[in-house]
Amino acid sequence: IEPYMIYRKIEGITNFERIIRTDYLDAFADTNEIEFGIANRFFTRRSTENVSGVTTGNNNKPRIPLANQPYEALTITLRGKYFFDPLFGGALTPGRRNQFYPINTFSGFPYGGVPRRFSPLNIEARYRPRKHIFADLRTDIDVQRVGVRDFSLALGVNFPLVRAFQSFYFTRAISLVPSLRQFANVNGHEPGTQRGSQWSPSLFLGNPDRGLFGGGSFFFDFQNRPREGGSSLISAVLTVGYTWDCCAVTVQNYHFNVGLRNENRTVFSFRLNGIGTFGTAPIGQRFP
């Protein structure tokens with residue numbers, strides 16, 4: 001168990017030379033805050049020995065493990081922030097969506113539509129019992145209304161011949177407490193929040209370096225359904241291919257429909273090992 005507390009004060013951004021710049025405008029603001037949290041780490045023992053049964057059976061002495069090292073299988077972190085200046089030196093404009101440092105450090109989901117002293121409580125749980133299996137859950141708990149604001153869940157298995165992954169996102173349109181309703185948007189909710197439910201599964205079978213392989217990747221939007229008929233499927237990619245010792249052929253079908261834009265196209269690629277790839281598939285694209 002690792003509790004921690006950090007006091008952070010930034011005024012008049014003087015560390016510009018240390019900022020990784022991705023564009024001409026860096027979204028940094030003055031802040032005077034305390035970050036607090038606690039992390040609970042669960043460890044298991046994993047042996048690094050690889051001794052055959054013949055070797056261990058040659059003597060009757062009890063076998064003593066030589067290399068058992070701890071392995072972090074599960075980590076649960078609870079953290080939050082307290083802001084002494086809820087307006088961040090005037091950078092936050094109440095009644096509109098605000099997204100800048102330091103209110104974007106815990107989660108990509110915004111909560112800067114209204115001035116607040118306490119940030120939502122962020123919970124992050126990572127579970128990886130084996131190197132081929134993982135799960136990641138992240139959620140924000142609203143401390144003012146005591147409810148889930150949003151959460152994301154990622155699951156995956158990665159074996160030599162079977163790979164499956166999925167991501168699910170859920171967001172809520174937050175209703176403000178009476179003292180903050182003056183900052184609500186036209187729908188009566190906290191600016192920057194809206195109802196959302198999206199799911200992206202994918203499955204891949206086979207070895208792309210040998211023999212037959214294929215799979216599919218899909219994206220569903222259960223909240224906003226722009227397609228006629230109310231279908232939640234937004235996009236899909238289907239792949240099939242075969243690899244020989246000298247070359248490989250891959251065919252992919254793309255489907256993309258958001259109402260005003262509806263596309264279906266098929267691309268292919270032919271690869272000669274050690275020479276290059278030819279076809280209509282985008283360069284560098286790989287599935288999954």
# chains A, B, ... in the order shown; residues from 1 in each chain; ligands from 1
>>> select_by_dssp(residues="region 62-278 of chain A", states="strand (DSSP E or B)", output="PyMOL selection string")
chain A and resi 68-83+101+118+121-130+133-142+147-158+162-171+175+189+196-207+210-221+233-243+247-257+262-272+276-278
>>> write_last_selection(atoms="C-alpha atoms", output="CSV table (one decimal), in the first residue's frame")
chain,number,residue,atom,x,y,z
A,68,ASN,CA,11.5,-16.6,-7.5
A,69,GLN,CA,10.8,-12.9,-8.2
A,70,PRO,CA,7.8,-10.8,-7.3
A,71,TYR,CA,5.4,-10.0,-10.2
A,72,GLU,CA,2.9,-7.2,-10.0
A,73,ALA,CA,-0.4,-8.8,-11.0
A,74,LEU,CA,-3.0,-6.2,-9.9
A,75,THR,CA,-2.7,-2.5,-9.1
A,76,ILE,CA,-5.6,-0.4,-7.8
A,77,THR,CA,-5.0,3.4,-7.5
A,78,LEU,CA,-7.3,6.0,-6.0
A,79,ARG,CA,-6.4,9.6,-6.5
A,80,GLY,CA,-7.7,13.1,-6.5
A,81,LYS,CA,-6.8,16.8,-6.4
A,82,TYR,CA,-7.7,19.8,-4.3
A,83,PHE,CA,-7.4,23.2,-6.1
A,101,TYR,CA,-3.2,21.2,-17.6
A,118,PHE,CA,-12.1,19.0,-5.5
A,121,LEU,CA,-11.9,10.8,-7.7
A,122,ASN,CA,-10.1,8.8,-10.2
A,123,ILE,CA,-9.9,5.0,-9.8
A,124,GLU,CA,-7.5,3.0,-12.0
A,125,ALA,CA,-7.3,-0.8,-11.8
A,126,ARG,CA,-4.8,-2.8,-13.9
A,127,TYR,CA,-4.8,-6.6,-13.9
A,128,ARG,CA,-2.2,-8.7,-15.7
A,129,PRO,CA,-2.1,-12.2,-14.3
A,130,ARG,CA,-0.1,-13.5,-17.3
A,133,ILE,CA,-3.8,-11.5,-20.6
A,134,PHE,CA,-4.6,-8.0,-19.4
A,135,ALA,CA,-7.5,-5.9,-18.1
A,136,ASP,CA,-7.6,-2.2,-17.5
A,137,LEU,CA,-10.5,-0.3,-15.8
A,138,ARG,CA,-10.6,3.5,-15.3
A,139,THR,CA,-13.4,5.5,-13.8
A,140,ASP,CA,-14.1,9.0,-12.4
A,141,ILE,CA,-16.4,9.4,-9.3
A,142,ASP,CA,-18.1,12.7,-8.8
A,147,GLY,CA,-21.9,9.0,-8.7
A,148,VAL,CA,-20.0,7.6,-11.7
A,149,ARG,CA,-19.2,10.2,-14.3
A,150,ASP,CA,-17.5,7.9,-16.8
A,151,PHE,CA,-15.5,4.7,-17.1
A,152,SER,CA,-13.5,2.8,-19.7
A,153,LEU,CA,-12.8,-0.9,-19.8
A,154,ALA,CA,-10.1,-2.6,-21.9
A,155,LEU,CA,-9.6,-6.4,-22.1
A,156,GLY,CA,-7.3,-8.4,-24.2
A,157,VAL,CA,-5.7,-11.8,-24.8
A,158,ASN,CA,-2.6,-12.1,-27.0
A,162,VAL,CA,-5.4,-16.0,-31.2
A,163,ARG,CA,-5.6,-12.3,-30.4
A,164,ALA,CA,-8.7,-10.6,-29.1
A,165,PHE,CA,-9.1,-7.1,-27.8
A,166,GLN,CA,-12.0,-4.9,-26.8
A,167,SER,CA,-12.5,-1.4,-25.4
A,168,PHE,CA,-15.7,0.0,-23.9
A,169,TYR,CA,-16.4,3.6,-23.0
A,170,PHE,CA,-19.3,5.1,-21.1
A,171,THR,CA,-20.0,8.7,-20.2
A,175,SER,CA,-26.6,17.2,-13.6
A,189,HIS,CA,-26.1,19.6,-17.8
A,196,GLY,CA,-22.1,8.2,-24.6
A,197,SER,CA,-21.6,4.4,-24.9
A,198,GLN,CA,-19.1,3.0,-27.4
A,199,TRP,CA,-17.6,-0.5,-27.9
A,200,SER,CA,-14.7,-1.5,-30.1
A,201,PRO,CA,-14.0,-5.3,-30.3
A,202,SER,CA,-11.5,-7.0,-32.5
A,203,LEU,CA,-10.5,-10.6,-33.2
A,204,PHE,CA,-7.5,-12.0,-35.1
A,205,LEU,CA,-6.7,-15.6,-35.9
A,206,GLY,CA,-3.7,-17.2,-37.4
A,207,ASN,CA,0.0,-16.2,-37.8
A,210,ARG,CA,3.0,-18.3,-41.9
A,211,GLY,CA,-0.1,-19.7,-43.5
A,212,LEU,CA,-3.7,-18.5,-43.5
A,213,PHE,CA,-4.7,-15.7,-41.2
A,214,GLY,CA,-7.6,-13.2,-40.8
A,215,GLY,CA,-9.8,-11.3,-38.5
A,216,GLY,CA,-12.1,-8.3,-38.0
A,217,SER,CA,-12.3,-5.1,-36.1
A,218,PHE,CA,-15.5,-3.2,-35.3
A,219,PHE,CA,-16.7,0.0,-33.8
A,220,PHE,CA,-20.2,0.5,-32.3
A,221,ASP,CA,-21.8,3.7,-31.0
A,233,LEU,CA,-22.3,-0.2,-36.2
A,234,ILE,CA,-20.1,2.7,-37.3
A,235,SER,CA,-17.1,1.0,-38.9
A,236,ALA,CA,-15.7,-2.4,-39.6
A,237,VAL,CA,-12.5,-3.8,-41.1
A,238,LEU,CA,-12.3,-7.4,-42.3
A,239,THR,CA,-8.9,-9.0,-43.2
A,240,VAL,CA,-7.9,-12.2,-44.7
A,241,GLY,CA,-4.5,-13.3,-46.1
A,242,TYR,CA,-2.0,-16.0,-46.7
A,243,THR,CA,1.7,-16.1,-46.2
A,247,CYS,CA,5.6,-13.8,-50.4
A,248,ALA,CA,2.2,-12.9,-48.9
A,249,VAL,CA,-1.2,-11.7,-50.1
A,250,THR,CA,-3.6,-9.7,-47.9
A,251,VAL,CA,-7.1,-8.4,-48.7
A,252,GLN,CA,-9.1,-6.0,-46.5
A,253,ASN,CA,-12.6,-4.7,-46.7
A,254,TYR,CA,-13.4,-1.3,-45.1
A,255,HIS,CA,-16.9,-0.3,-44.1
A,256,PHE,CA,-17.6,3.2,-42.7
A,257,ASN,CA,-21.0,4.8,-42.2
A,262,ASN,CA,-21.0,6.0,-46.2
A,263,GLU,CA,-18.0,4.2,-47.7
A,264,ASN,CA,-17.2,0.6,-48.7
A,265,ARG,CA,-13.8,-0.2,-50.2
A,266,THR,CA,-11.6,-3.2,-50.6
A,267,VAL,CA,-7.8,-3.0,-50.7
A,268,PHE,CA,-5.1,-5.6,-51.2
A,269,SER,CA,-1.4,-5.9,-50.8
A,270,PHE,CA,1.2,-8.3,-52.2
A,271,ARG,CA,4.5,-8.6,-50.3
A,272,LEU,CA,7.7,-10.0,-51.7
A,276,GLY,CA,8.8,-4.7,-50.9
A,277,THR,CA,5.0,-4.4,-50.8
A,278,PHE,CA,2.7,-3.6,-53.7
>>> select_by_dssp(residues="region 26-250 of chain A", states="alpha helix (DSSP H)", output="list of chain:residue names")
A:Gly53, A:Val54, A:Thr55, A:Thr56
>>> atom_distance(atom1="CA of Gly188 (chain A)", atom2="CA of Asn98 (chain A)")
17.1 Å
>>> residues_around(residues="Ala27 (chain A)", least_positions_apart="6", cutoff="10 Å", atoms="only C-alpha atoms", output="list in words")
Ala91, Gln99, Phe100, Tyr101, Pro102 and Asn104 of chain A
>>> closest_residue(among="A:Arg195, A:Arg45, A:Arg96, A:Arg117", to="Asn32 (chain A)", atoms="only C-alpha atoms")
A:Arg117
>>> atom_distance(atom1="CA of Arg97 (chain A)", atom2="CA of Ile38 (chain A)")
28.9 Å
>>> decode(residues="region 191-230 of chain A", atoms="C-alpha atoms", output="PDB file, in the first residue's frame")
ATOM      1  CA  PRO A 191     -20.708  21.760 -20.008  1.00  0.00           C
ATOM      2  CA  GLY A 192     -18.478  19.211 -21.725  1.00  0.00           C
ATOM      3  CA  THR A 193     -20.412  16.167 -20.502  1.00  0.00           C
ATOM      4  CA  GLN A 194     -22.788  14.098 -22.583  1.00  0.00           C
ATOM      5  CA  ARG A 195     -24.244  10.611 -22.681  1.00  0.00           C
ATOM      6  CA  GLY A 196     -22.079   8.158 -24.554  1.00  0.00           C
ATOM      7  CA  SER A 197     -21.648   4.411 -24.929  1.00  0.00           C
ATOM      8  CA  GLN A 198     -19.111   3.005 -27.388  1.00  0.00           C
ATOM      9  CA  TRP A 199     -17.642  -0.459 -27.909  1.00  0.00           C
ATOM     10  CA  SER A 200     -14.742  -1.531 -30.101  1.00  0.00           C
ATOM     11  CA  PRO A 201     -14.021  -5.304 -30.304  1.00  0.00           C
ATOM     12  CA  SER A 202     -11.470  -7.027 -32.529  1.00  0.00           C
ATOM     13  CA  LEU A 203     -10.456 -10.634 -33.185  1.00  0.00           C
ATOM     14  CA  PHE A 204      -7.501 -11.971 -35.149  1.00  0.00           C
ATOM     15  CA  LEU A 205      -6.744 -15.642 -35.903  1.00  0.00           C
ATOM     16  CA  GLY A 206      -3.654 -17.224 -37.387  1.00  0.00           C
ATOM     17  CA  ASN A 207      -0.028 -16.248 -37.841  1.00  0.00           C
ATOM     18  CA  PRO A 208       0.553 -13.392 -40.331  1.00  0.00           C
ATOM     19  CA  ASP A 209       4.075 -14.743 -40.912  1.00  0.00           C
ATOM     20  CA  ARG A 210       2.998 -18.261 -41.908  1.00  0.00           C
ATOM     21  CA  GLY A 211      -0.097 -19.746 -43.537  1.00  0.00           C
ATOM     22  CA  LEU A 212      -3.693 -18.539 -43.458  1.00  0.00           C
ATOM     23  CA  PHE A 213      -4.705 -15.658 -41.192  1.00  0.00           C
ATOM     24  CA  GLY A 214      -7.594 -13.240 -40.817  1.00  0.00           C
ATOM     25  CA  GLY A 215      -9.786 -11.271 -38.475  1.00  0.00           C
ATOM     26  CA  GLY A 216     -12.106  -8.344 -37.955  1.00  0.00           C
ATOM     27  CA  SER A 217     -12.271  -5.064 -36.076  1.00  0.00           C
ATOM     28  CA  PHE A 218     -15.536  -3.223 -35.341  1.00  0.00           C
ATOM     29  CA  PHE A 219     -16.714   0.017 -33.761  1.00  0.00           C
ATOM     30  CA  PHE A 220     -20.199   0.474 -32.272  1.00  0.00           C
ATOM     31  CA  ASP A 221     -21.818   3.652 -30.969  1.00  0.00           C
ATOM     32  CA  PHE A 222     -24.880   2.726 -28.901  1.00  0.00           C
ATOM     33  CA  GLN A 223     -25.835   6.297 -28.028  1.00  0.00           C
ATOM     34  CA  ASN A 224     -25.539   8.170 -31.343  1.00  0.00           C
ATOM     35  CA  ARG A 225     -26.841   6.130 -34.273  1.00  0.00           C
ATOM     36  CA  PRO A 226     -26.463   8.185 -37.459  1.00  0.00           C
ATOM     37  CA  ARG A 227     -27.229   5.284 -39.801  1.00  0.00           C
ATOM     38  CA  GLU A 228     -30.647   4.666 -41.261  1.00  0.00           C
ATOM     39  CA  GLY A 229     -32.479   1.892 -39.468  1.00  0.00           C
ATOM     40  CA  GLY A 230     -30.879   2.703 -36.118  1.00  0.00           C
TER      41      GLY A 230
END
